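**Student:** Just passing along the structure, written as structure tokens.
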Amino acid sequence: MKITIIGAGYVGLTSGTCLAELGHHVTCIDMNEDRVARLRAGEVPIYEPGLQELMASNIQAGRLLFSADTVDGAADADAVFIAVGTPSLADGDIDLSFVQDAARGIARVIKPNCVVVVKSTVVVGTCKALREIIAEERGALDFSIASNPEFLREGTAVRDFLEPERVVFGSDDPRACAVLEQIYQPLADRGVTVMRTSNANAELIKYSANAFLALKIGFINDVANLCEQVGGDVSAVAAGIGLDTRIGSAFLSAGPGFGGSCFPKDTRAFAATGRKHDAPQGLIETLIEGNEARSRMLAERVLRELGSKANGATIAVLGLAFKANTDDIRDSPSLAIIPWLQKAGCRIKAHDPKAMTEAAKQLDDITFCDNAYDAARDADGVIVLTEWDEYRHLDLAKIAGTMRGALLADYRNLWLPSDMTDLDLTYLSIGRPTVS
Ligand code: NAD
Ligand code: UGA
């Protein structure tokens, strides 16, 4: 199949590369010419484990091309995937302008019978509306439209695409379904469940999946708050409830709140859709409020511990990315927690293995450090915000020895309270007793 992907970001680039790996001929188009030039030079503009190697082998095999020119890249495609961003508007609703522009951009270019596949995360009804936009520009209905939401996670995106638990696509047009079935046949041959449904269902499945996963995280964070008050241990509680397969053990790690380019914006868009269609999503509305409030609550916990020394204290922040194994800082808890600390007069030193360049664009007055030990030197407190594996192996005695103060706030539960024995540290973690 000849496939064109519009938007070569986290999803477009991973999907395009993996579809090439499945044997298709793929052209990834991005309007960012600098990004396209870097991609053509074999450079991956994002940090995503395994992507560089897979991209290189598929470029070499002649199955993966990059272009900044929609006309050039989309004209002979059997299917055009739209994988551009769908950020939040100020009121929380979804900004569909990039998707709409992408649809307008391909409308006159695509060949007859082309299938336009919406991979961006979009609210229910979007495919229907895009069909009208394309038809208006094109003046003919000789194309099909389908929804094919993406479930990959950053950090494990390649594996998630090539070994997914399911592929979901939806279209009200059997011809589009037939093309998508053919595209995903190599995965079906490996035993992957490929679910075919209606356009609206596919759109709803994507938001419901993200909202449900976010709910699990919000729930366990609330349980963690209770554990802190009553002497429980949230890790044990999560392990105990997770043994029930109806609940499942995944997505029950308590932490600083969910961030990233998806859960915060997708829960907001889901809630806005509910309000618009008079089907309020009360659980999700409450979840969003609780998650937003959590950043301030966790900053205040540190400030309380520092007491009168908070104003003028130096805090070392370990981890800026919204989770480990990515350089993505979109809606990262660090972007909310750090300003609360700065507002209280704290000076911030920070380290992240991959996300410092991105963070420097969004955070002011931060001293970036080459490693965690440099960040901790002379600090009054250390806060862990991202669960990078390298932090798990830090020499805590060395950290404690280099600090001016003695506060370690482990907001990813990287260590156990028992690891603090013999260390002169006050150890705060999530949903577990404070050790001092
Ligand atoms: P991104 O911001 O990383 O990438 C989007 C890219 O599209 C950018 O490079 C931009 O230059 C390009 N672009 C925008 N408009 C264009 C146009 N008209 N023509 C050509 N290029 C254009 O976004 P992302 O993180 O890849 O997310 C894309 C979509 O996928 C979103 O709807 C998101 O919710 C969804 N999604 C993301 C993830 C994830 O892990 N990031 C996972 C599943 C679904
Ligand atoms: C998430 C979903 O997991 C993907 O299935 C989906 O495709 C994607 O959103 C999307 O729609 O874009 P991603 O945002 O890459 O993927 O990362 P997750 O691993 O889901 O983590 C999201 C946030 O929740 C992170 O801040 C993470 O630290 C937090 N989290 C996750 C927890 O606090 N606890 C957990 O147990 C799991």
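Every chain in the structure tokens has a letter given in the order shown (A, B, ...), and although residue numbers restart at 1 in each chain, ligands are simply numbered from 1 in the order shown.
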How close does each residue of chain A get to ligand 2, giving the shortest atom pair and distance in Å to one decimal for every residue with an atom at most 7 Å away, counting only C-alpha atoms and all ligand atoms, sorted by chain and residue number, as JSON lines?

**Tutor:**
```
{"residue": "A:Thr121", "atom": "CA", "partner": "ligand 2", "partner_atom_place_in_ligand_line": "11 (O)", "distance": 6.9}
{"residue": "A:Glu150", "atom": "CA", "partner": "ligand 2", "partner_atom_place_in_ligand_line": "7 (O)", "distance": 5.4}
{"residue": "A:Phe151", "atom": "CA", "partner": "ligand 2", "partner_atom_place_in_ligand_line": "7 (O)", "distance": 3.2}
{"residue": "A:Leu152", "atom": "CA", "partner": "ligand 2", "partner_atom_place_in_ligand_line": "7 (O)", "distance": 4.1}
{"residue": "A:Arg153", "atom": "CA", "partner": "ligand 2", "partner_atom_place_in_ligand_line": "15 (O)", "distance": 3.5}
{"residue": "A:Glu154", "atom": "CA", "partner": "ligand 2", "partner_atom_place_in_ligand_line": "15 (O)", "distance": 3.8}
{"residue": "A:Gly155", "atom": "CA", "partner": "ligand 2", "partner_atom_place_in_ligand_line": "15 (O)", "distance": 6.9}
{"residue": "A:Asn210", "atom": "CA", "partner": "ligand 2", "partner_atom_place_in_ligand_line": "2 (C)", "distance": 6.1}
{"residue": "A:Ala214", "atom": "CA", "partner": "ligand 2", "partner_atom_place_in_ligand_line": "24 (O)", "distance": 6.8}
{"residue": "A:Ile217", "atom": "CA", "partner": "ligand 2", "partner_atom_place_in_ligand_line": "34 (N)", "distance": 5.2}
{"residue": "A:Ala250", "atom": "CA", "partner": "ligand 2", "partner_atom_place_in_ligand_line": "36 (O)", "distance": 6.3}
{"residue": "A:Phe251", "atom": "CA", "partner": "ligand 2", "partner_atom_place_in_ligand_line": "36 (O)", "distance": 3.2}
{"residue": "A:Leu252", "atom": "CA", "partner": "ligand 2", "partner_atom_place_in_ligand_line": "36 (O)", "distance": 4.1}
{"residue": "A:Ser253", "atom": "CA", "partner": "ligand 2", "partner_atom_place_in_ligand_line": "36 (O)", "distance": 3.6}
{"residue": "A:Ala254", "atom": "CA", "partner": "ligand 2", "partner_atom_place_in_ligand_line": "34 (N)", "distance": 5.5}
{"residue": "A:Gly255", "atom": "CA", "partner": "ligand 2", "partner_atom_place_in_ligand_line": "33 (O)", "distance": 4.9}
{"residue": "A:Pro256", "atom": "CA", "partner": "ligand 2", "partner_atom_place_in_ligand_line": "33 (O)", "distance": 6.4}
{"residue": "A:Gly257", "atom": "CA", "partner": "ligand 2", "partner_atom_place_in_ligand_line": "33 (O)", "distance": 5.3}
{"residue": "A:Phe258", "atom": "CA", "partner": "ligand 2", "partner_atom_place_in_ligand_line": "24 (O)", "distance": 3.8}
{"residue": "A:Gly259", "atom": "CA", "partner": "ligand 2", "partner_atom_place_in_ligand_line": "26 (O)", "distance": 3.7}
{"residue": "A:Gly260", "atom": "CA", "partner": "ligand 2", "partner_atom_place_in_ligand_line": "14 (O)", "distance": 5.0}
{"residue": "A:Ser261", "atom": "CA", "partner": "ligand 2", "partner_atom_place_in_ligand_line": "14 (O)", "distance": 6.0}
{"residue": "A:Cys262", "atom": "CA", "partner": "ligand 2", "partner_atom_place_in_ligand_line": "12 (O)", "distance": 4.3}
{"residue": "A:Phe263", "atom": "CA", "partner": "ligand 2", "partner_atom_place_in_ligand_line": "9 (O)", "distance": 5.8}
{"residue": "A:Phe322", "atom": "CA", "partner": "ligand 2", "partner_atom_place_in_ligand_line": "26 (O)", "distance": 4.7}
{"residue": "A:Lys323", "atom": "CA", "partner": "ligand 2", "partner_atom_place_in_ligand_line": "28 (O)", "distance": 4.5}
{"residue": "A:Ser332", "atom": "CA", "partner": "ligand 2", "partner_atom_place_in_ligand_line": "26 (O)", "distance": 6.5}
```

**Student:** Could you please take those selected residues and save N, CA and C atoms as a CSV table (one decimal), in the first residue's frame?

**Tutor:**
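Contents of selection.csv, as written:
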```csv
chain,number,residue,atom,x,y,z
A,121,THR,N,-6.1,12.3,17.8
A,121,THR,CA,-7.2,12.0,18.8
A,121,THR,C,-8.2,13.2,18.6
A,150,GLU,N,-4.9,6.1,17.8
A,150,GLU,CA,-3.6,5.5,18.2
A,150,GLU,C,-3.5,5.3,19.7
A,151,PHE,N,-3.0,4.2,20.1
A,151,PHE,CA,-2.9,3.9,21.6
A,151,PHE,C,-1.5,3.8,22.1
A,152,LEU,N,-0.5,4.2,21.2
A,152,LEU,CA,0.9,4.1,21.7
A,152,LEU,C,1.2,5.0,22.8
A,153,ARG,N,2.2,4.6,23.6
A,153,ARG,CA,2.7,5.5,24.7
A,153,ARG,C,4.1,6.0,24.4
A,154,GLU,N,4.4,7.2,24.7
A,154,GLU,CA,5.8,7.7,24.5
A,154,GLU,C,6.7,6.9,25.3
A,155,GLY,N,7.9,6.7,24.8
A,155,GLY,CA,8.9,5.9,25.6
A,155,GLY,C,8.9,4.4,25.2
A,210,ASN,N,-8.5,6.7,27.2
A,210,ASN,CA,-7.6,7.6,27.9
A,210,ASN,C,-8.2,8.1,29.2
A,214,ALA,N,-6.7,7.5,33.0
A,214,ALA,CA,-6.4,8.6,33.8
A,214,ALA,C,-7.2,8.5,35.2
A,217,ILE,N,-5.3,6.4,37.6
A,217,ILE,CA,-4.2,7.2,38.2
A,217,ILE,C,-4.8,8.1,39.3
A,250,ALA,N,-2.1,-2.7,36.4
A,250,ALA,CA,-1.5,-1.6,35.6
A,250,ALA,C,-2.1,-0.2,35.9
A,251,PHE,N,-1.3,0.8,35.7
A,251,PHE,CA,-1.7,2.2,35.9
A,251,PHE,C,-2.2,2.5,37.4
A,252,LEU,N,-1.6,1.9,38.3
A,252,LEU,CA,-1.9,2.1,39.7
A,252,LEU,C,-0.6,2.6,40.5
A,253,SER,N,0.3,3.3,39.7
A,253,SER,CA,1.4,3.9,40.4
A,253,SER,C,1.1,5.3,40.8
A,254,ALA,N,1.0,5.5,42.1
A,254,ALA,CA,0.7,6.8,42.6
A,254,ALA,C,1.9,7.7,42.3
A,255,GLY,N,1.7,9.0,42.1
A,255,GLY,CA,2.8,9.9,41.8
A,255,GLY,C,2.4,11.4,41.8
A,256,PRO,N,3.1,12.2,41.0
A,256,PRO,CA,2.8,13.6,41.1
A,256,PRO,C,1.6,14.1,40.2
A,257,GLY,N,0.8,13.1,39.7
A,257,GLY,CA,-0.3,13.4,38.9
A,257,GLY,C,0.0,13.1,37.4
A,258,PHE,N,-1.0,12.9,36.7
A,258,PHE,CA,-0.7,12.5,35.3
A,258,PHE,C,-0.5,13.8,34.5
A,259,GLY,N,0.5,13.7,33.5
A,259,GLY,CA,0.8,14.8,32.7
A,259,GLY,C,1.0,14.3,31.2
A,260,GLY,N,1.7,15.0,30.4
A,260,GLY,CA,1.9,14.6,29.1
A,260,GLY,C,1.0,15.3,28.1
A,261,SER,N,1.2,14.9,26.8
A,261,SER,CA,0.5,15.7,25.8
A,261,SER,C,-0.9,15.1,25.6
A,262,CYS,N,-1.2,14.0,26.3
A,262,CYS,CA,-2.5,13.4,26.0
A,262,CYS,C,-3.5,13.4,27.2
A,263,PHE,N,-3.2,12.8,28.3
A,263,PHE,CA,-4.3,12.7,29.3
A,263,PHE,C,-4.8,14.0,29.8
A,322,PHE,N,7.5,14.4,31.5
A,322,PHE,CA,6.2,14.0,32.2
A,322,PHE,C,6.3,12.6,32.6
A,323,LYS,N,7.2,11.8,32.1
A,323,LYS,CA,7.5,10.5,32.5
A,323,LYS,C,8.8,10.1,32.0
A,332,SER,N,3.8,18.5,31.8
A,332,SER,CA,4.5,17.8,32.8
A,332,SER,C,4.2,18.3,34.2
```

**Student:** Give me the residues within 9 Å of region 41-54 of chain A as a PyMOL selection string, counting only C-alpha atoms and dropping any in the same chain fewer than 5 places off.

**Tutor:** chain A and resi 9-10+13-14+17-18+21+35-36+59+154-159+325-328+354

**Student:** Just N, CA and C atoms for this one: save the residues we selected as an mmCIF file, in the first residue's frame.

**Tutor:**
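See out-v7.cif below for the written result:
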```cif
data_model
loop_
_atom_site.group_PDB
_atom_site.id
_atom_site.type_symbol
_atom_site.label_atom_id
_atom_site.label_comp_id
_atom_site.auth_asym_id
_atom_site.auth_seq_id
_atom_site.Cartn_x
_atom_site.Cartn_y
_atom_site.Cartn_z
ATOM 1 N N GLY A 9 5.177 14.118 13.896
ATOM 2 C CA GLY A 9 5.500 14.288 15.322
ATOM 3 C C GLY A 9 5.643 12.923 15.972
ATOM 4 N N TYR A 10 5.381 12.838 17.275
ATOM 5 C CA TYR A 10 5.530 11.572 18.002
ATOM 6 C C TYR A 10 4.713 10.466 17.327
ATOM 7 N N LEU A 13 5.450 10.168 13.092
ATOM 8 C CA LEU A 13 6.757 9.602 12.776
ATOM 9 C C LEU A 13 6.826 8.128 13.191
ATOM 10 N N THR A 14 6.330 7.825 14.373
ATOM 11 C CA THR A 14 6.341 6.421 14.823
ATOM 12 C C THR A 14 5.429 5.578 13.929
ATOM 13 N N THR A 17 6.974 5.172 10.391
ATOM 14 C CA THR A 17 8.125 4.261 10.392
ATOM 15 C C THR A 17 7.655 2.817 10.580
ATOM 16 N N CYS A 18 6.722 2.609 11.488
ATOM 17 C CA CYS A 18 6.260 1.239 11.760
ATOM 18 C C CYS A 18 5.429 0.695 10.594
ATOM 19 N N GLU A 21 7.819 -0.473 8.239
ATOM 20 C CA GLU A 21 8.373 -1.745 8.728
ATOM 21 C C GLU A 21 7.426 -2.913 8.402
ATOM 22 N N ARG A 35 12.249 20.380 10.410
ATOM 23 C CA ARG A 35 12.046 19.001 10.879
ATOM 24 C C ARG A 35 12.232 18.019 9.711
ATOM 25 N N VAL A 36 11.681 18.372 8.561
ATOM 26 C CA VAL A 36 11.789 17.476 7.390
ATOM 27 C C VAL A 36 13.249 17.342 6.961
ATOM 28 N N ILE A 59 14.407 3.660 5.733
ATOM 29 C CA ILE A 59 14.851 4.639 4.721
ATOM 30 C C ILE A 59 15.749 3.907 3.724
ATOM 31 N N GLU A 154 4.405 7.209 24.709
ATOM 32 C CA GLU A 154 5.762 7.701 24.486
ATOM 33 C C GLU A 154 6.717 6.882 25.347
ATOM 34 N N GLY A 155 7.901 6.663 24.821
ATOM 35 C CA GLY A 155 8.885 5.873 25.567
ATOM 36 C C GLY A 155 8.856 4.400 25.165
ATOM 37 N N THR A 156 7.665 3.911 24.780
ATOM 38 C CA THR A 156 7.560 2.515 24.299
ATOM 39 C C THR A 156 6.766 2.502 22.996
ATOM 40 N N ALA A 157 6.858 3.607 22.260
ATOM 41 C CA ALA A 157 5.969 3.820 21.117
ATOM 42 C C ALA A 157 6.150 2.770 20.014
ATOM 43 N N VAL A 158 7.400 2.403 19.736
ATOM 44 C CA VAL A 158 7.649 1.463 18.636
ATOM 45 C C VAL A 158 7.049 0.101 18.971
ATOM 46 N N ARG A 159 7.326 -0.359 20.192
ATOM 47 C CA ARG A 159 6.783 -1.656 20.601
ATOM 48 C C ARG A 159 5.243 -1.601 20.651
ATOM 49 N N ASN A 325 11.885 8.123 29.908
ATOM 50 C CA ASN A 325 12.135 7.667 28.539
ATOM 51 C C ASN A 325 11.525 8.528 27.451
ATOM 52 N N THR A 326 11.336 9.790 27.756
ATOM 53 C CA THR A 326 10.891 10.731 26.731
ATOM 54 C C THR A 326 11.513 12.089 27.023
ATOM 55 N N ASP A 327 11.637 12.919 25.969
ATOM 56 C CA ASP A 327 12.093 14.294 26.201
ATOM 57 C C ASP A 327 10.897 15.248 26.205
ATOM 58 N N ASP A 328 9.698 14.682 26.239
ATOM 59 C CA ASP A 328 8.475 15.474 26.141
ATOM 60 C C ASP A 328 8.151 16.091 27.507
ATOM 61 N N LYS A 354 17.086 13.827 29.436
ATOM 62 C CA LYS A 354 16.723 14.116 28.039
ATOM 63 C C LYS A 354 15.915 15.396 27.836
#
```

**Student:** If you run DSSP on this backbone, which residues of region 95-333 of chain A come out as helix (DSSP H, G or I), and could you give them as an MDAnalysis selection string?

**Tutor:** chainID A and resid 97:107 126:138 157:162 174:189 199:230 234:242 263:276 282:309 333

**Student:** In terms of the shortest atom-to-atom distance over only C-alpha atoms, which of A:Asn225, A:Asn311, A:Thr434, A:Asn148 is closest to Gln342 (chain A)?

**Tutor:**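 Among the listed residues, A:Asn311 lies closest to Gln342 (chain A).
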
**Student:** For region 192-204 of chain A, list every protein, DNA or RNA residue within 10 Å, evaluated using only C-alpha atoms, and leave out those in the same chain fewer than 5 positions away; present the list as an MDAnalysis selection string.

**Tutor:** chainID A and resid 118:128 145:149 162:173 177:178 180:181 184:187 209 270

**Student:** What does the file look like for those residues with C-alpha atoms, as a CSV table (one decimal), in the first residue's frame?

**Tutor:**
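Resulting contents of again.csv:
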```csv
chain,number,residue,atom,x,y,z
A,118,VAL,CA,-7.8,10.3,11.1
A,119,LYS,CA,-5.2,9.1,13.5
A,120,SER,CA,-5.1,12.3,15.6
A,121,THR,CA,-7.2,12.0,18.8
A,122,VAL,CA,-10.4,13.8,17.9
A,123,VAL,CA,-13.8,14.2,19.5
A,124,VAL,CA,-16.8,12.2,18.3
A,125,GLY,CA,-18.3,13.6,15.1
A,126,THR,CA,-15.0,15.0,13.8
A,127,CYS,CA,-14.7,12.5,10.9
A,128,LYS,CA,-18.2,13.4,9.8
A,145,ILE,CA,-13.0,8.7,5.6
A,146,ALA,CA,-12.1,6.5,8.6
A,147,SER,CA,-11.0,6.9,12.2
A,148,ASN,CA,-8.0,4.9,13.4
A,149,PRO,CA,-7.1,6.1,16.9
A,162,LEU,CA,4.3,-3.2,16.3
A,163,GLU,CA,3.0,-5.3,19.2
A,164,PRO,CA,-0.3,-3.7,20.2
A,165,GLU,CA,-3.0,-5.2,22.4
A,166,ARG,CA,-5.5,-4.1,19.7
A,167,VAL,CA,-5.9,-2.0,16.6
A,168,VAL,CA,-9.2,-0.2,16.4
A,169,PHE,CA,-10.5,1.4,13.2
A,170,GLY,CA,-14.0,2.7,12.3
A,171,SER,CA,-15.7,3.8,9.2
A,172,ASP,CA,-19.2,3.9,7.9
A,173,ASP,CA,-17.8,3.1,4.5
A,177,CYS,CA,-12.6,-0.7,6.2
A,178,ALA,CA,-11.3,-3.0,3.5
A,180,LEU,CA,-7.5,-0.5,6.6
A,181,GLU,CA,-7.9,-4.3,7.0
A,184,TYR,CA,-3.1,-3.9,9.3
A,185,GLN,CA,-3.1,-7.5,7.9
A,186,PRO,CA,0.6,-8.0,8.9
A,187,LEU,CA,-0.3,-7.4,12.5
A,209,ALA,CA,-9.7,4.6,27.0
A,270,PHE,CA,-13.9,14.5,26.8
```

**Student:** Near Ala107 (chain A), within 12 Å and counting only C-alpha atoms, which residues show up once chain neighbours fewer than 5 positions away are dropped, as a list in words?

**Tutor:** Thr70, Val71, Ala74, Ala75, Val80, Gln100, Asp101, Ala102, Pro112, Cys114, Val115, Val116, Leu130, Arg131, Glu132, Ile133, Ile134, Ala135, Glu136, Glu137, Arg138, Gly139, Ala140, Leu141, Asp142, Phe143, Ser144 and Ile145 of chain A

**Student:** Please run DSSP on the backbone and report, as a ChimeraX atom specification, all residues within region 126-341 of chain A that come out as strand (DSSP E or B).

**Tutor:** /A:144-147,166-170,193-197,314-318

**Student:** Could you write those residues out with N, CA and C atoms, as a PDB file, in the first residue's frame?

**Tutor:**
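New file selection.pdb:
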```
ATOM      1  N   SER A 144     -13.025   8.160   0.867  1.00  0.00           N
ATOM      2  CA  SER A 144     -13.653   7.631   2.090  1.00  0.00           C
ATOM      3  C   SER A 144     -12.946   8.219   3.294  1.00  0.00           C
ATOM      4  N   ILE A 145     -13.618   8.159   4.422  1.00  0.00           N
ATOM      5  CA  ILE A 145     -12.995   8.668   5.641  1.00  0.00           C
ATOM      6  C   ILE A 145     -13.138   7.625   6.758  1.00  0.00           C
ATOM      7  N   ALA A 146     -12.082   7.515   7.555  1.00  0.00           N
ATOM      8  CA  ALA A 146     -12.083   6.514   8.631  1.00  0.00           C
ATOM      9  C   ALA A 146     -11.368   7.080   9.846  1.00  0.00           C
ATOM     10  N   SER A 147     -11.697   6.507  10.989  1.00  0.00           N
ATOM     11  CA  SER A 147     -11.003   6.870  12.222  1.00  0.00           C
ATOM     12  C   SER A 147     -10.136   5.683  12.641  1.00  0.00           C
ATOM     13  N   ARG A 166      -4.390  -4.164  20.733  1.00  0.00           N
ATOM     14  CA  ARG A 166      -5.464  -4.134  19.723  1.00  0.00           C
ATOM     15  C   ARG A 166      -5.240  -2.979  18.761  1.00  0.00           C
ATOM     16  N   VAL A 167      -5.799  -3.152  17.569  1.00  0.00           N
ATOM     17  CA  VAL A 167      -5.899  -2.047  16.620  1.00  0.00           C
ATOM     18  C   VAL A 167      -7.391  -1.783  16.475  1.00  0.00           C
ATOM     19  N   VAL A 168      -7.762  -0.512  16.534  1.00  0.00           N
ATOM     20  CA  VAL A 168      -9.176  -0.165  16.358  1.00  0.00           C
ATOM     21  C   VAL A 168      -9.301   0.765  15.161  1.00  0.00           C
ATOM     22  N   PHE A 169     -10.206   0.442  14.257  1.00  0.00           N
ATOM     23  CA  PHE A 169     -10.543   1.445  13.235  1.00  0.00           C
ATOM     24  C   PHE A 169     -12.042   1.434  13.008  1.00  0.00           C
ATOM     25  N   GLY A 170     -12.541   2.583  12.542  1.00  0.00           N
ATOM     26  CA  GLY A 170     -13.974   2.692  12.319  1.00  0.00           C
ATOM     27  C   GLY A 170     -14.267   3.502  11.084  1.00  0.00           C
ATOM     28  N   THR A 193      -5.457  -8.493  17.714  1.00  0.00           N
ATOM     29  CA  THR A 193      -6.897  -8.278  17.499  1.00  0.00           C
ATOM     30  C   THR A 193      -7.108  -6.967  16.764  1.00  0.00           C
ATOM     31  N   VAL A 194      -7.761  -7.030  15.628  1.00  0.00           N
ATOM     32  CA  VAL A 194      -8.065  -5.809  14.868  1.00  0.00           C
ATOM     33  C   VAL A 194      -9.578  -5.618  14.939  1.00  0.00           C
ATOM     34  N   MET A 195      -9.980  -4.548  15.626  1.00  0.00           N
ATOM     35  CA  MET A 195     -11.413  -4.309  15.824  1.00  0.00           C
ATOM     36  C   MET A 195     -11.929  -3.313  14.786  1.00  0.00           C
ATOM     37  N   ARG A 196     -12.969  -3.734  14.092  1.00  0.00           N
ATOM     38  CA  ARG A 196     -13.588  -2.868  13.086  1.00  0.00           C
ATOM     39  C   ARG A 196     -14.927  -2.392  13.626  1.00  0.00           C
ATOM     40  N   THR A 197     -15.140  -1.089  13.583  1.00  0.00           N
ATOM     41  CA  THR A 197     -16.395  -0.580  14.152  1.00  0.00           C
ATOM     42  C   THR A 197     -16.850   0.656  13.366  1.00  0.00           C
ATOM     43  N   THR A 314      17.279  26.424  48.308  1.00  0.00           N
ATOM     44  CA  THR A 314      17.636  25.894  46.988  1.00  0.00           C
ATOM     45  C   THR A 314      17.065  24.485  46.881  1.00  0.00           C
ATOM     46  N   ILE A 315      16.297  24.273  45.806  1.00  0.00           N
ATOM     47  CA  ILE A 315      15.671  22.959  45.610  1.00  0.00           C
ATOM     48  C   ILE A 315      16.230  22.334  44.337  1.00  0.00           C
ATOM     49  N   ALA A 316      16.657  21.095  44.435  1.00  0.00           N
ATOM     50  CA  ALA A 316      17.114  20.362  43.251  1.00  0.00           C
ATOM     51  C   ALA A 316      15.966  19.514  42.737  1.00  0.00           C
ATOM     52  N   VAL A 317      15.579  19.740  41.496  1.00  0.00           N
ATOM     53  CA  VAL A 317      14.504  18.952  40.896  1.00  0.00           C
ATOM     54  C   VAL A 317      15.139  17.899  39.987  1.00  0.00           C
ATOM     55  N   LEU A 318      14.862  16.635  40.268  1.00  0.00           N
ATOM     56  CA  LEU A 318      15.371  15.551  39.434  1.00  0.00           C
ATOM     57  C   LEU A 318      14.229  15.051  38.561  1.00  0.00           C
TER      58      LEU A 318
END
```

**Student:** Counting only C-alpha atoms and all ligand atoms, figure out which residue out of A:Trp340, A:Phe98, A:Tyr391, A:Phe81 gets nearest to ligand 1.

**Tutor:**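 Ranked by minimum distance to ligand 1, first place goes to A:Phe98.
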
**Student:** Give me the residues within 10 Å of region 350-352 of chain A as an NGL selection string, counting only C-alpha atoms and dropping any in the same chain fewer than 6 places off.

**Tutor:** :A and (315-321 or 324 or 327 or 338 or 359 or 366-376 or 382-386 or 388 or 391)

**Student:** Could you name the residues that touch Ala236 (chain A) at 10 Å or less, counting only C-alpha atoms, but leaving out those on the same chain fewer than 6 positions away, as a PyMOL selection string?

**Tutor:** chain A and resi 242+431-432

**Student:** Quick one: pull the distance between atom 13 (N, counted along the ligand's line) of ligand 1 and CA of Thr86 (chain A), Å, one decimal.

**Tutor:**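 Interatomic distance, atom 13 (N, counted along the ligand's line) of ligand 1 to CA of Thr86 (chain A): 10.0 Å.
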
**Student:** Can you pull out the residues contacting region 305-309 of chain A? Cut-off 10 Å, using only C-alpha atoms, and skip same-chain residues under 5 positions away; I want them as a ChimeraX atom specification.

**Tutor:** /A:300,314,345-346,380-381,405-407,409,426,428

**Student:** Work out how far CA of Ala8 (chain A) is from atom 8 (C, counted along the ligand's line) of ligand 1, in Å to one decimal.

**Tutor:**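 About the pair atom 8 (C, counted along the ligand's line) of ligand 1 and CA of Ala8 (chain A): they are 5.6 Å apart.
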
**Student:** Ranking A:Gly248, A:Gly191, A:Gly85, A:Gly73 by minimum distance to ligand 1 and counting only C-alpha atoms and all ligand atoms, which one comes first?

**Tutor:**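 When distances to ligand 1 are compared using only C-alpha atoms and all ligand atoms, the smallest one comes from A:Gly85.
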